[in-house]
>>> print(open('model.pdb').read())   # PDB, N, CA and C atoms, pLDDT in the B column
ATOM      1  N   MET A  19       0.824  -1.192   0.000  1.00 85.00           N
ATOM      2  CA  MET A  19       0.000   0.000   0.000  1.00 85.00           C
ATOM      3  C   MET A  19       0.872   1.261   0.000  1.00 85.00           C
ATOM      4  N   ARG A  20       1.913   1.264   0.819  1.00 81.00           N
ATOM      5  CA  ARG A  20       2.791   2.433   0.867  1.00 81.00           C
ATOM      6  C   ARG A  20       3.544   2.617  -0.444  1.00 81.00           C
ATOM      7  N   LEU A  21       3.814   1.545  -1.149  1.00 85.00           N
ATOM      8  CA  LEU A  21       4.503   1.667  -2.428  1.00 85.00           C
ATOM      9  C   LEU A  21       3.625   2.384  -3.449  1.00 85.00           C
ATOM     10  N   ILE A  22       2.353   2.101  -3.443  1.00 89.00           N
ATOM     11  CA  ILE A  22       1.423   2.800  -4.334  1.00 89.00           C
ATOM     12  C   ILE A  22       1.360   4.277  -3.967  1.00 89.00           C
ATOM     13  N   LEU A  23       1.324   4.558  -2.678  1.00 82.00           N
ATOM     14  CA  LEU A  23       1.348   5.953  -2.232  1.00 82.00           C
ATOM     15  C   LEU A  23       2.640   6.646  -2.663  1.00 82.00           C
ATOM     16  N   ALA A  24       3.742   5.924  -2.610  1.00 86.00           N
ATOM     17  CA  ALA A  24       5.038   6.506  -2.981  1.00 86.00           C
ATOM     18  C   ALA A  24       5.056   6.931  -4.445  1.00 86.00           C
ATOM     19  N   ILE A  25       4.303   6.248  -5.269  1.00 88.00           N
ATOM     20  CA  ILE A  25       4.277   6.583  -6.692  1.00 88.00           C
ATOM     21  C   ILE A  25       3.302   7.714  -6.980  1.00 88.00           C
ATOM     22  N   PHE A  26       2.111   7.649  -6.403  1.00 91.00           N
ATOM     23  CA  PHE A  26       1.076   8.625  -6.736  1.00 91.00           C
ATOM     24  C   PHE A  26       1.049   9.848  -5.814  1.00 91.00           C
ATOM     25  N   LEU A  27       1.323   9.667  -4.541  1.00 89.00           N
ATOM     26  CA  LEU A  27       1.366  10.765  -3.565  1.00 89.00           C
ATOM     27  C   LEU A  27       2.634  10.626  -2.722  1.00 89.00           C
ATOM     28  N   PRO A  28       3.769  10.943  -3.306  1.00 90.00           N
ATOM     29  CA  PRO A  28       5.044  10.693  -2.610  1.00 90.00           C
ATOM     30  C   PRO A  28       5.165  11.352  -1.242  1.00 90.00           C
ATOM     31  N   PHE A  29       4.637  12.551  -1.075  1.00 91.00           N
ATOM     32  CA  PHE A  29       4.814  13.251   0.198  1.00 91.00           C
ATOM     33  C   PHE A  29       4.100  12.549   1.346  1.00 91.00           C
ATOM     34  N   VAL A  30       3.028  11.836   1.067  1.00 92.00           N
ATOM     35  CA  VAL A  30       2.256  11.154   2.113  1.00 92.00           C
ATOM     36  C   VAL A  30       3.083  10.046   2.763  1.00 92.00           C
ATOM     37  N   VAL A  31       3.934   9.408   1.982  1.00 91.00           N
ATOM     38  CA  VAL A  31       4.755   8.305   2.505  1.00 91.00           C
ATOM     39  C   VAL A  31       5.628   8.780   3.654  1.00 91.00           C
ATOM     40  N   PHE A  32       6.186   9.978   3.518  1.00 92.00           N
ATOM     41  CA  PHE A  32       7.064  10.483   4.567  1.00 92.00           C
ATOM     42  C   PHE A  32       6.309  10.713   5.873  1.00 92.00           C
ATOM     43  N   PHE A  33       5.060  11.117   5.765  1.00 93.00           N
ATOM     44  CA  PHE A  33       4.267  11.301   6.978  1.00 93.00           C
ATOM     45  C   PHE A  33       3.925   9.949   7.613  1.00 93.00           C
ATOM     46  N   THR A  34       3.731   8.912   6.804  1.00 91.00           N
ATOM     47  CA  THR A  34       3.394   7.600   7.355  1.00 91.00           C
ATOM     48  C   THR A  34       4.576   6.913   8.008  1.00 91.00           C
ATOM     49  N   ILE A  35       5.803   7.288   7.601  1.00 90.00           N
ATOM     50  CA  ILE A  35       6.980   6.664   8.214  1.00 90.00           C
ATOM     51  C   ILE A  35       7.613   7.560   9.270  1.00 90.00           C
ATOM     52  N   GLY A  36       6.949   8.661   9.609  1.00 91.00           N
ATOM     53  CA  GLY A  36       7.407   9.500  10.708  1.00 91.00           C
ATOM     54  C   GLY A  36       8.481  10.509  10.342  1.00 91.00           C
ATOM     55  N   ARG A  37       8.470  10.998   9.121  1.00 91.00           N
ATOM     56  CA  ARG A  37       9.438  12.015   8.689  1.00 91.00           C
ATOM     57  C   ARG A  37       8.686  13.212   8.101  1.00 91.00           C
ATOM     58  N   PRO A  38       8.066  14.021   8.953  1.00 93.00           N
ATOM     59  CA  PRO A  38       7.211  15.112   8.446  1.00 93.00           C
ATOM     60  C   PRO A  38       7.971  16.228   7.732  1.00 93.00           C
ATOM     61  N   ILE A  39       9.191  16.532   8.150  1.00 94.00           N
ATOM     62  CA  ILE A  39       9.962  17.590   7.481  1.00 94.00           C
ATOM     63  C   ILE A  39      10.273  17.163   6.041  1.00 94.00           C
ATOM     64  N   SER A  40      10.677  15.928   5.881  1.00 92.00           N
ATOM     65  CA  SER A  40      10.932  15.413   4.533  1.00 92.00           C
ATOM     66  C   SER A  40       9.655  15.402   3.713  1.00 92.00           C
ATOM     67  N   GLY A  41       8.533  15.140   4.364  1.00 92.00           N
ATOM     68  CA  GLY A  41       7.249  15.157   3.666  1.00 92.00           C
ATOM     69  C   GLY A  41       6.907  16.529   3.121  1.00 92.00           C
ATOM     70  N   ILE A  42       7.208  17.566   3.884  1.00 93.00           N
ATOM     71  CA  ILE A  42       6.936  18.928   3.429  1.00 93.00           C
ATOM     72  C   ILE A  42       7.856  19.289   2.262  1.00 93.00           C
ATOM     73  N   VAL A  43       9.135  18.934   2.370  1.00 92.00           N
ATOM     74  CA  VAL A  43      10.080  19.197   1.288  1.00 92.00           C
ATOM     75  C   VAL A  43       9.666  18.432   0.031  1.00 92.00           C
ATOM     76  N   CYS A  44       9.238  17.193   0.206  1.00 91.00           N
ATOM     77  CA  CYS A  44       8.797  16.382  -0.925  1.00 91.00           C
ATOM     78  C   CYS A  44       7.541  16.979  -1.564  1.00 91.00           C
ATOM     79  N   LEU A  45       6.647  17.513  -0.761  1.00 91.00           N
ATOM     80  CA  LEU A  45       5.439  18.147  -1.294  1.00 91.00           C
ATOM     81  C   LEU A  45       5.807  19.350  -2.151  1.00 91.00           C
ATOM     82  N   ILE A  46       6.749  20.152  -1.689  1.00 92.00           N
ATOM     83  CA  ILE A  46       7.193  21.310  -2.474  1.00 92.00           C
ATOM     84  C   ILE A  46       7.810  20.838  -3.796  1.00 92.00           C
ATOM     85  N   LEU A  47       8.614  19.785  -3.742  1.00 89.00           N
ATOM     86  CA  LEU A  47       9.204  19.229  -4.954  1.00 89.00           C
ATOM     87  C   LEU A  47       8.126  18.660  -5.871  1.00 89.00           C
ATOM     88  N   GLN A  48       7.145  18.009  -5.286  1.00 88.00           N
ATOM     89  CA  GLN A  48       6.094  17.356  -6.045  1.00 88.00           C
ATOM     90  C   GLN A  48       5.173  18.362  -6.738  1.00 88.00           C
ATOM     91  N   LEU A  49       5.066  19.566  -6.221  1.00 89.00           N
ATOM     92  CA  LEU A  49       4.178  20.562  -6.808  1.00 89.00           C
ATOM     93  C   LEU A  49       4.605  20.981  -8.211  1.00 89.00           C
ATOM     94  N   THR A  50       5.873  20.792  -8.521  1.00 85.00           N
ATOM     95  CA  THR A  50       6.312  21.065  -9.887  1.00 85.00           C
ATOM     96  C   THR A  50       6.149  19.782 -10.689  1.00 85.00           C
ATOM     97  N   LEU A  51       5.735  19.918 -11.911  1.00 78.00           N
ATOM     98  CA  LEU A  51       5.513  18.735 -12.744  1.00 78.00           C
ATOM     99  C   LEU A  51       6.815  17.982 -12.988  1.00 78.00           C
ATOM    100  N   ILE A  52       7.911  18.714 -13.158  1.00 85.00           N
ATOM    101  CA  ILE A  52       9.212  18.081 -13.375  1.00 85.00           C
ATOM    102  C   ILE A  52       9.682  17.377 -12.109  1.00 85.00           C
ATOM    103  N   GLY A  53       9.322  17.906 -10.942  1.00 86.00           N
ATOM    104  CA  GLY A  53       9.771  17.341  -9.680  1.00 86.00           C
ATOM    105  C   GLY A  53       8.997  16.116  -9.220  1.00 86.00           C
ATOM    106  N   TRP A  54       7.914  15.781  -9.913  1.00 86.00           N
ATOM    107  CA  TRP A  54       7.099  14.640  -9.496  1.00 86.00           C
ATOM    108  C   TRP A  54       7.908  13.342  -9.543  1.00 86.00           C
ATOM    109  N   PHE A  55       8.632  13.120 -10.631  1.00 90.00           N
ATOM    110  CA  PHE A  55       9.399  11.883 -10.772  1.00 90.00           C
ATOM    111  C   PHE A  55      10.498  11.761  -9.714  1.00 90.00           C
ATOM    112  N   PRO A  56      11.320  12.801  -9.500  1.00 92.00           N
ATOM    113  CA  PRO A  56      12.317  12.689  -8.413  1.00 92.00           C
ATOM    114  C   PRO A  56      11.674  12.515  -7.038  1.00 92.00           C
ATOM    115  N   ALA A  57      10.525  13.148  -6.814  1.00 91.00           N
ATOM    116  CA  ALA A  57       9.843  12.995  -5.529  1.00 91.00           C
ATOM    117  C   ALA A  57       9.390  11.553  -5.337  1.00 91.00           C
ATOM    118  N   ALA A  58       8.875  10.945  -6.393  1.00 91.00           N
ATOM    119  CA  ALA A  58       8.438   9.548  -6.311  1.00 91.00           C
ATOM    120  C   ALA A  58       9.626   8.620  -6.066  1.00 91.00           C
ATOM    121  N   LEU A  59      10.738   8.873  -6.750  1.00 93.00           N
ATOM    122  CA  LEU A  59      11.935   8.055  -6.530  1.00 93.00           C
ATOM    123  C   LEU A  59      12.449   8.199  -5.101  1.00 93.00           C
ATOM    124  N   TRP A  60      12.457   9.423  -4.606  1.00 91.00           N
ATOM    125  CA  TRP A  60      12.901   9.682  -3.244  1.00 91.00           C
ATOM    126  C   TRP A  60      12.005   8.962  -2.243  1.00 91.00           C
ATOM    127  N   ALA A  61      10.702   8.985  -2.481  1.00 92.00           N
ATOM    128  CA  ALA A  61       9.764   8.321  -1.570  1.00 92.00           C
ATOM    129  C   ALA A  61       9.956   6.806  -1.583  1.00 92.00           C
ATOM    130  N   VAL A  62      10.161   6.228  -2.749  1.00 93.00           N
ATOM    131  CA  VAL A  62      10.392   4.778  -2.833  1.00 93.00           C
ATOM    132  C   VAL A  62      11.686   4.412  -2.121  1.00 93.00           C
ATOM    133  N   TYR A  63      12.725   5.223  -2.310  1.00 94.00           N
ATOM    134  CA  TYR A  63      14.002   4.977  -1.634  1.00 94.00           C
ATOM    135  C   TYR A  63      13.849   5.083  -0.116  1.00 94.00           C
ATOM    136  N   ALA A  64      13.175   6.124   0.344  1.00 94.00           N
ATOM    137  CA  ALA A  64      12.972   6.306   1.781  1.00 94.00           C
ATOM    138  C   ALA A  64      12.149   5.157   2.363  1.00 94.00           C
ATOM    139  N   LEU A  65      11.188   4.684   1.603  1.00 92.00           N
ATOM    140  CA  LEU A  65      10.366   3.564   2.053  1.00 92.00           C
ATOM    141  C   LEU A  65      11.193   2.291   2.179  1.00 92.00           C
ATOM    142  N   SER A  66      12.097   2.065   1.240  1.00 92.00           N
ATOM    143  CA  SER A  66      12.953   0.877   1.334  1.00 92.00           C
ATOM    144  C   SER A  66      13.910   0.985   2.518  1.00 92.00           C
ATOM    145  N   GLN A  67      14.426   2.179   2.781  1.00 93.00           N
ATOM    146  CA  GLN A  67      15.297   2.387   3.934  1.00 93.00           C
ATOM    147  C   GLN A  67      14.532   2.161   5.231  1.00 93.00           C
ATOM    148  N   TYR A  68      13.292   2.624   5.280  1.00 92.00           N
ATOM    149  CA  TYR A  68      12.448   2.441   6.463  1.00 92.00           C
ATOM    150  C   TYR A  68      12.216   0.952   6.714  1.00 92.00           C
ATOM    151  N   ALA A  69      11.937   0.205   5.648  1.00 90.00           N
ATOM    152  CA  ALA A  69      11.713  -1.234   5.799  1.00 90.00           C
ATOM    153  C   ALA A  69      12.965  -1.925   6.325  1.00 90.00           C
ATOM    154  N   THR A  70      14.121  -1.517   5.830  1.00 91.00           N
ATOM    155  CA  THR A  70      15.385  -2.094   6.297  1.00 91.00           C
ATOM    156  C   THR A  70      15.617  -1.785   7.770  1.00 91.00           C
ATOM    157  N   GLU A  71      15.361  -0.535   8.158  1.00 90.00           N
ATOM    158  CA  GLU A  71      15.528  -0.148   9.561  1.00 90.00           C
ATOM    159  C   GLU A  71      14.597  -0.948  10.473  1.00 90.00           C
ATOM    160  N   GLU A  72      13.382  -1.176  10.030  1.00 89.00           N
ATOM    161  CA  GLU A  72      12.432  -1.955  10.834  1.00 89.00           C
ATOM    162  C   GLU A  72      12.902  -3.397  10.988  1.00 89.00           C
ATOM    163  N   LYS A  73      13.462  -3.981   9.926  1.00 89.00           N
ATOM    164  CA  LYS A  73      13.969  -5.354  10.004  1.00 89.00           C
ATOM    165  C   LYS A  73      15.150  -5.440  10.967  1.00 89.00           C
ATOM    166  N   ILE A  74      16.008  -4.424  10.942  1.00 89.00           N
ATOM    167  CA  ILE A  74      17.158  -4.414  11.862  1.00 89.00           C
ATOM    168  C   ILE A  74      16.685  -4.298  13.304  1.00 89.00           C
ATOM    169  N   LYS A  75      15.692  -3.443  13.552  1.00 89.00           N
ATOM    170  CA  LYS A  75      15.141  -3.313  14.908  1.00 89.00           C
ATOM    171  C   LYS A  75      14.539  -4.627  15.384  1.00 89.00           C
ATOM    172  N   ALA A  76      13.810  -5.293  14.490  1.00 86.00           N
ATOM    173  CA  ALA A  76      13.197  -6.571  14.850  1.00 86.00           C
ATOM    174  C   ALA A  76      14.269  -7.627  15.142  1.00 86.00           C
ATOM    175  N   ALA A  77      15.332  -7.650  14.364  1.00 86.00           N
ATOM    176  CA  ALA A  77      16.397  -8.613  14.580  1.00 86.00           C
ATOM    177  C   ALA A  77      17.098  -8.358  15.912  1.00 86.00           C
ATOM    178  N   LYS A  78      17.333  -7.092  16.232  1.00 84.00           N
ATOM    179  CA  LYS A  78      17.958  -6.769  17.517  1.00 84.00           C
ATOM    180  C   LYS A  78      17.062  -7.151  18.682  1.00 84.00           C
ATOM    181  N   LEU A  79      15.771  -6.922  18.532  1.00 81.00           N
ATOM    182  CA  LEU A  79      14.824  -7.280  19.578  1.00 81.00           C
ATOM    183  C   LEU A  79      14.783  -8.784  19.785  1.00 81.00           C
ATOM    184  N   ASN A  80      14.786  -9.553  18.692  1.00 81.00           N
ATOM    185  CA  ASN A  80      14.794 -11.011  18.795  1.00 81.00           C
ATOM    186  C   ASN A  80      16.080 -11.521  19.432  1.00 81.00           C
ATOM    187  N   LYS A  81      17.189 -10.871  19.108  1.00 77.00           N
ATOM    188  CA  LYS A  81      18.461 -11.285  19.692  1.00 77.00           C
ATOM    189  C   LYS A  81      18.500 -11.022  21.181  1.00 77.00           C
ATOM    190  N   GLU A  82      17.928  -9.909  21.615  1.00 75.00           N
ATOM    191  CA  GLU A  82      17.895  -9.584  23.046  1.00 75.00           C
ATOM    192  C   GLU A  82      16.956 -10.517  23.811  1.00 75.00           C
ATOM    193  N   MET A  83      15.940 -11.019  23.143  1.00 75.00           N
ATOM    194  CA  MET A  83      14.975 -11.910  23.795  1.00 75.00           C
ATOM    195  C   MET A  83      15.553 -13.296  24.028  1.00 75.00           C
ATOM    196  N   GLU A  84      16.583 -13.658  23.279  1.00 69.00           N
ATOM    197  CA  GLU A  84      17.161 -15.003  23.416  1.00 69.00           C
ATOM    198  C   GLU A  84      17.977 -15.165  24.636  1.00 69.00           C
TER     199      GLU A  84
END
>>> encode(input="model.pdb", output="structure tokens")
Amino acid sequence: MRLILAIFLPFVVFFTIGRPISGIVCLILQLTLIGWFPAALWAVYALSQYATEEKIKAAKLNKEME
């Protein structure tokens, strides 16, 4: 679901992953027609980084539980 948002409404993704300042900057970039594509790429990249960070947190939590 977030990947679809990253393509069509890139700025919303930043708010869903807890990065509101980046979301505002992305919205400003997205308002230009030329900036839509870089904004979408940035949102997809940020989303992949967020997923990686969540996996690392989960792995650390599992390791501490052992």
>>> atom_distance(input="model.pdb", atom1="atom N of A:Ala61", atom2="atom C of A:Ile39")
11.8 Å
>>> axis_aligned_box(input="model.pdb", around="stretch 51-57 of chain A", padding_each_side="6 Å", output="AutoDock Vina command-line options")
--center_x 8.9 --center_y 15.7 --center_z -9.4 --size_x 18.8 --size_y 20.4 --size_z 20.0
>>> resolve_selection(input="model.pdb", expression="the PyMOL selection byres (((chain A and resi 44-46 and name CA) around 10) and name CA)", output="NGL selection string")
:A and (27-32 or 38-43 or 47-50 or 53-54 or 56-58 or 60-61)
>>> write_last_selection(input="model.pdb", atoms="N, CA and C atoms", output="short mmCIF file (atom, residue, chain, number, x, y, z; two decimals), in the coordinates of the input")
data_model
loop_
_atom_site.label_atom_id
_atom_site.label_comp_id
_atom_site.auth_asym_id
_atom_site.auth_seq_id
_atom_site.Cartn_x
_atom_site.Cartn_y
_atom_site.Cartn_z
N LEU A 27 1.32 9.67 -4.54
CA LEU A 27 1.37 10.76 -3.56
C LEU A 27 2.63 10.63 -2.72
N PRO A 28 3.77 10.94 -3.31
CA PRO A 28 5.04 10.69 -2.61
C PRO A 28 5.16 11.35 -1.24
N PHE A 29 4.64 12.55 -1.08
CA PHE A 29 4.81 13.25 0.20
C PHE A 29 4.10 12.55 1.35
N VAL A 30 3.03 11.84 1.07
CA VAL A 30 2.26 11.15 2.11
C VAL A 30 3.08 10.05 2.76
N VAL A 31 3.93 9.41 1.98
CA VAL A 31 4.76 8.30 2.50
C VAL A 31 5.63 8.78 3.65
N PHE A 32 6.19 9.98 3.52
CA PHE A 32 7.06 10.48 4.57
C PHE A 32 6.31 10.71 5.87
N PRO A 38 8.07 14.02 8.95
CA PRO A 38 7.21 15.11 8.45
C PRO A 38 7.97 16.23 7.73
N ILE A 39 9.19 16.53 8.15
CA ILE A 39 9.96 17.59 7.48
C ILE A 39 10.27 17.16 6.04
N SER A 40 10.68 15.93 5.88
CA SER A 40 10.93 15.41 4.53
C SER A 40 9.65 15.40 3.71
N GLY A 41 8.53 15.14 4.36
CA GLY A 41 7.25 15.16 3.67
C GLY A 41 6.91 16.53 3.12
N ILE A 42 7.21 17.57 3.88
CA ILE A 42 6.94 18.93 3.43
C ILE A 42 7.86 19.29 2.26
N VAL A 43 9.14 18.93 2.37
CA VAL A 43 10.08 19.20 1.29
C VAL A 43 9.67 18.43 0.03
N LEU A 47 8.61 19.78 -3.74
CA LEU A 47 9.20 19.23 -4.95
C LEU A 47 8.13 18.66 -5.87
N GLN A 48 7.14 18.01 -5.29
CA GLN A 48 6.09 17.36 -6.04
C GLN A 48 5.17 18.36 -6.74
N LEU A 49 5.07 19.57 -6.22
CA LEU A 49 4.18 20.56 -6.81
C LEU A 49 4.61 20.98 -8.21
N THR A 50 5.87 20.79 -8.52
CA THR A 50 6.31 21.06 -9.89
C THR A 50 6.15 19.78 -10.69
N GLY A 53 9.32 17.91 -10.94
CA GLY A 53 9.77 17.34 -9.68
C GLY A 53 9.00 16.12 -9.22
N TRP A 54 7.91 15.78 -9.91
CA TRP A 54 7.10 14.64 -9.50
C TRP A 54 7.91 13.34 -9.54
N PRO A 56 11.32 12.80 -9.50
CA PRO A 56 12.32 12.69 -8.41
C PRO A 56 11.67 12.52 -7.04
N ALA A 57 10.52 13.15 -6.81
CA ALA A 57 9.84 13.00 -5.53
C ALA A 57 9.39 11.55 -5.34
N ALA A 58 8.88 10.94 -6.39
CA ALA A 58 8.44 9.55 -6.31
C ALA A 58 9.63 8.62 -6.07
N TRP A 60 12.46 9.42 -4.61
CA TRP A 60 12.90 9.68 -3.24
C TRP A 60 12.00 8.96 -2.24
N ALA A 61 10.70 8.98 -2.48
CA ALA A 61 9.76 8.32 -1.57
C ALA A 61 9.96 6.81 -1.58
#
>>> atom_distance(input="model.pdb", atom1="atom CA of A:Phe26", atom2="atom CA of A:Ala64")
14.8 Å
>>> atom_distance(input="model.pdb", atom1="atom C of A:Tyr63", atom2="atom CA of A:Glu82")
27.7 Å
>>> closest_residue(input="model.pdb", among="A:Ala76, A:Ala69, A:Leu59, A:Met83", to="A:Ala24", atoms="only C-alpha atoms")
A:Leu59
>>> decode(input="model.pdb", residues="stretch 54-64 of chain A", atoms="all heavy atoms", output="mmCIF file, in the first residue's frame")
data_model
loop_
_atom_site.group_PDB
_atom_site.id
_atom_site.type_symbol
_atom_site.label_atom_id
_atom_site.label_comp_id
_atom_site.auth_asym_id
_atom_site.auth_seq_id
_atom_site.Cartn_x
_atom_site.Cartn_y
_atom_site.Cartn_z
ATOM 1 N N TRP A 54 7.914 15.781 -9.913
ATOM 2 C CA TRP A 54 7.099 14.640 -9.496
ATOM 3 C C TRP A 54 7.908 13.342 -9.543
ATOM 4 O O TRP A 54 7.886 12.550 -8.599
ATOM 5 C CB TRP A 54 5.870 14.505 -10.393
ATOM 6 C CG TRP A 54 4.896 13.510 -9.886
ATOM 7 C CD1 TRP A 54 4.977 12.157 -9.966
ATOM 8 C CD2 TRP A 54 3.710 13.786 -9.156
ATOM 9 N NE1 TRP A 54 3.911 11.573 -9.364
ATOM 10 C CE2 TRP A 54 3.116 12.563 -8.860
ATOM 11 C CE3 TRP A 54 3.106 14.954 -8.740
ATOM 12 C CZ2 TRP A 54 1.927 12.475 -8.159
ATOM 13 C CZ3 TRP A 54 1.917 14.856 -8.047
ATOM 14 C CH2 TRP A 54 1.347 13.627 -7.763
ATOM 15 N N PHE A 55 8.632 13.120 -10.631
ATOM 16 C CA PHE A 55 9.399 11.883 -10.772
ATOM 17 C C PHE A 55 10.498 11.761 -9.714
ATOM 18 O O PHE A 55 10.609 10.711 -9.062
ATOM 19 C CB PHE A 55 9.971 11.774 -12.192
ATOM 20 C CG PHE A 55 10.676 10.494 -12.454
ATOM 21 C CD1 PHE A 55 9.987 9.291 -12.510
ATOM 22 C CD2 PHE A 55 12.056 10.472 -12.628
ATOM 23 C CE1 PHE A 55 10.645 8.091 -12.738
ATOM 24 C CE2 PHE A 55 12.725 9.287 -12.854
ATOM 25 C CZ PHE A 55 12.022 8.098 -12.914
ATOM 26 N N PRO A 56 11.320 12.801 -9.500
ATOM 27 C CA PRO A 56 12.317 12.689 -8.413
ATOM 28 C C PRO A 56 11.674 12.515 -7.038
ATOM 29 O O PRO A 56 12.211 11.794 -6.189
ATOM 30 C CB PRO A 56 13.087 14.008 -8.490
ATOM 31 C CG PRO A 56 12.884 14.505 -9.864
ATOM 32 C CD PRO A 56 11.532 14.027 -10.280
ATOM 33 N N ALA A 57 10.525 13.148 -6.814
ATOM 34 C CA ALA A 57 9.843 12.995 -5.529
ATOM 35 C C ALA A 57 9.390 11.553 -5.337
ATOM 36 O O ALA A 57 9.515 10.987 -4.246
ATOM 37 C CB ALA A 57 8.652 13.951 -5.444
ATOM 38 N N ALA A 58 8.875 10.945 -6.393
ATOM 39 C CA ALA A 58 8.438 9.548 -6.311
ATOM 40 C C ALA A 58 9.626 8.620 -6.066
ATOM 41 O O ALA A 58 9.539 7.689 -5.256
ATOM 42 C CB ALA A 58 7.696 9.149 -7.583
ATOM 43 N N LEU A 59 10.738 8.873 -6.750
ATOM 44 C CA LEU A 59 11.935 8.055 -6.530
ATOM 45 C C LEU A 59 12.449 8.199 -5.101
ATOM 46 O O LEU A 59 12.826 7.209 -4.465
ATOM 47 C CB LEU A 59 13.041 8.446 -7.512
ATOM 48 C CG LEU A 59 12.853 8.023 -8.953
ATOM 49 C CD1 LEU A 59 13.992 8.558 -9.807
ATOM 50 C CD2 LEU A 59 12.780 6.515 -9.066
ATOM 51 N N TRP A 60 12.457 9.423 -4.606
ATOM 52 C CA TRP A 60 12.901 9.682 -3.244
ATOM 53 C C TRP A 60 12.005 8.962 -2.243
ATOM 54 O O TRP A 60 12.480 8.361 -1.274
ATOM 55 C CB TRP A 60 12.917 11.185 -3.007
ATOM 56 C CG TRP A 60 13.399 11.619 -1.667
ATOM 57 C CD1 TRP A 60 14.227 10.955 -0.817
ATOM 58 C CD2 TRP A 60 13.079 12.847 -1.014
ATOM 59 N NE1 TRP A 60 14.437 11.689 0.325
ATOM 60 C CE2 TRP A 60 13.752 12.860 0.218
ATOM 61 C CE3 TRP A 60 12.293 13.941 -1.362
ATOM 62 C CZ2 TRP A 60 13.637 13.928 1.102
ATOM 63 C CZ3 TRP A 60 12.198 14.995 -0.484
ATOM 64 C CH2 TRP A 60 12.865 14.980 0.737
ATOM 65 N N ALA A 61 10.702 8.985 -2.481
ATOM 66 C CA ALA A 61 9.764 8.321 -1.570
ATOM 67 C C ALA A 61 9.956 6.806 -1.583
ATOM 68 O O ALA A 61 9.914 6.157 -0.532
ATOM 69 C CB ALA A 61 8.332 8.682 -1.950
ATOM 70 N N VAL A 62 10.161 6.228 -2.749
ATOM 71 C CA VAL A 62 10.392 4.778 -2.833
ATOM 72 C C VAL A 62 11.686 4.412 -2.121
ATOM 73 O O VAL A 62 11.750 3.423 -1.381
ATOM 74 C CB VAL A 62 10.406 4.313 -4.307
ATOM 75 C CG1 VAL A 62 10.899 2.885 -4.427
ATOM 76 C CG2 VAL A 62 9.028 4.458 -4.921
ATOM 77 N N TYR A 63 12.725 5.223 -2.310
ATOM 78 C CA TYR A 63 14.002 4.977 -1.634
ATOM 79 C C TYR A 63 13.849 5.083 -0.116
ATOM 80 O O TYR A 63 14.339 4.227 0.633
ATOM 81 C CB TYR A 63 15.061 5.967 -2.136
ATOM 82 C CG TYR A 63 16.365 5.858 -1.396
ATOM 83 C CD1 TYR A 63 17.229 4.796 -1.629
ATOM 84 C CD2 TYR A 63 16.732 6.815 -0.453
ATOM 85 C CE1 TYR A 63 18.430 4.694 -0.944
ATOM 86 C CE2 TYR A 63 17.928 6.714 0.230
ATOM 87 C CZ TYR A 63 18.767 5.655 -0.012
ATOM 88 O OH TYR A 63 19.945 5.549 0.670
ATOM 89 N N ALA A 64 13.175 6.124 0.344
ATOM 90 C CA ALA A 64 12.972 6.306 1.781
ATOM 91 C C ALA A 64 12.149 5.157 2.363
ATOM 92 O O ALA A 64 12.405 4.705 3.478
ATOM 93 C CB ALA A 64 12.278 7.633 2.056
#
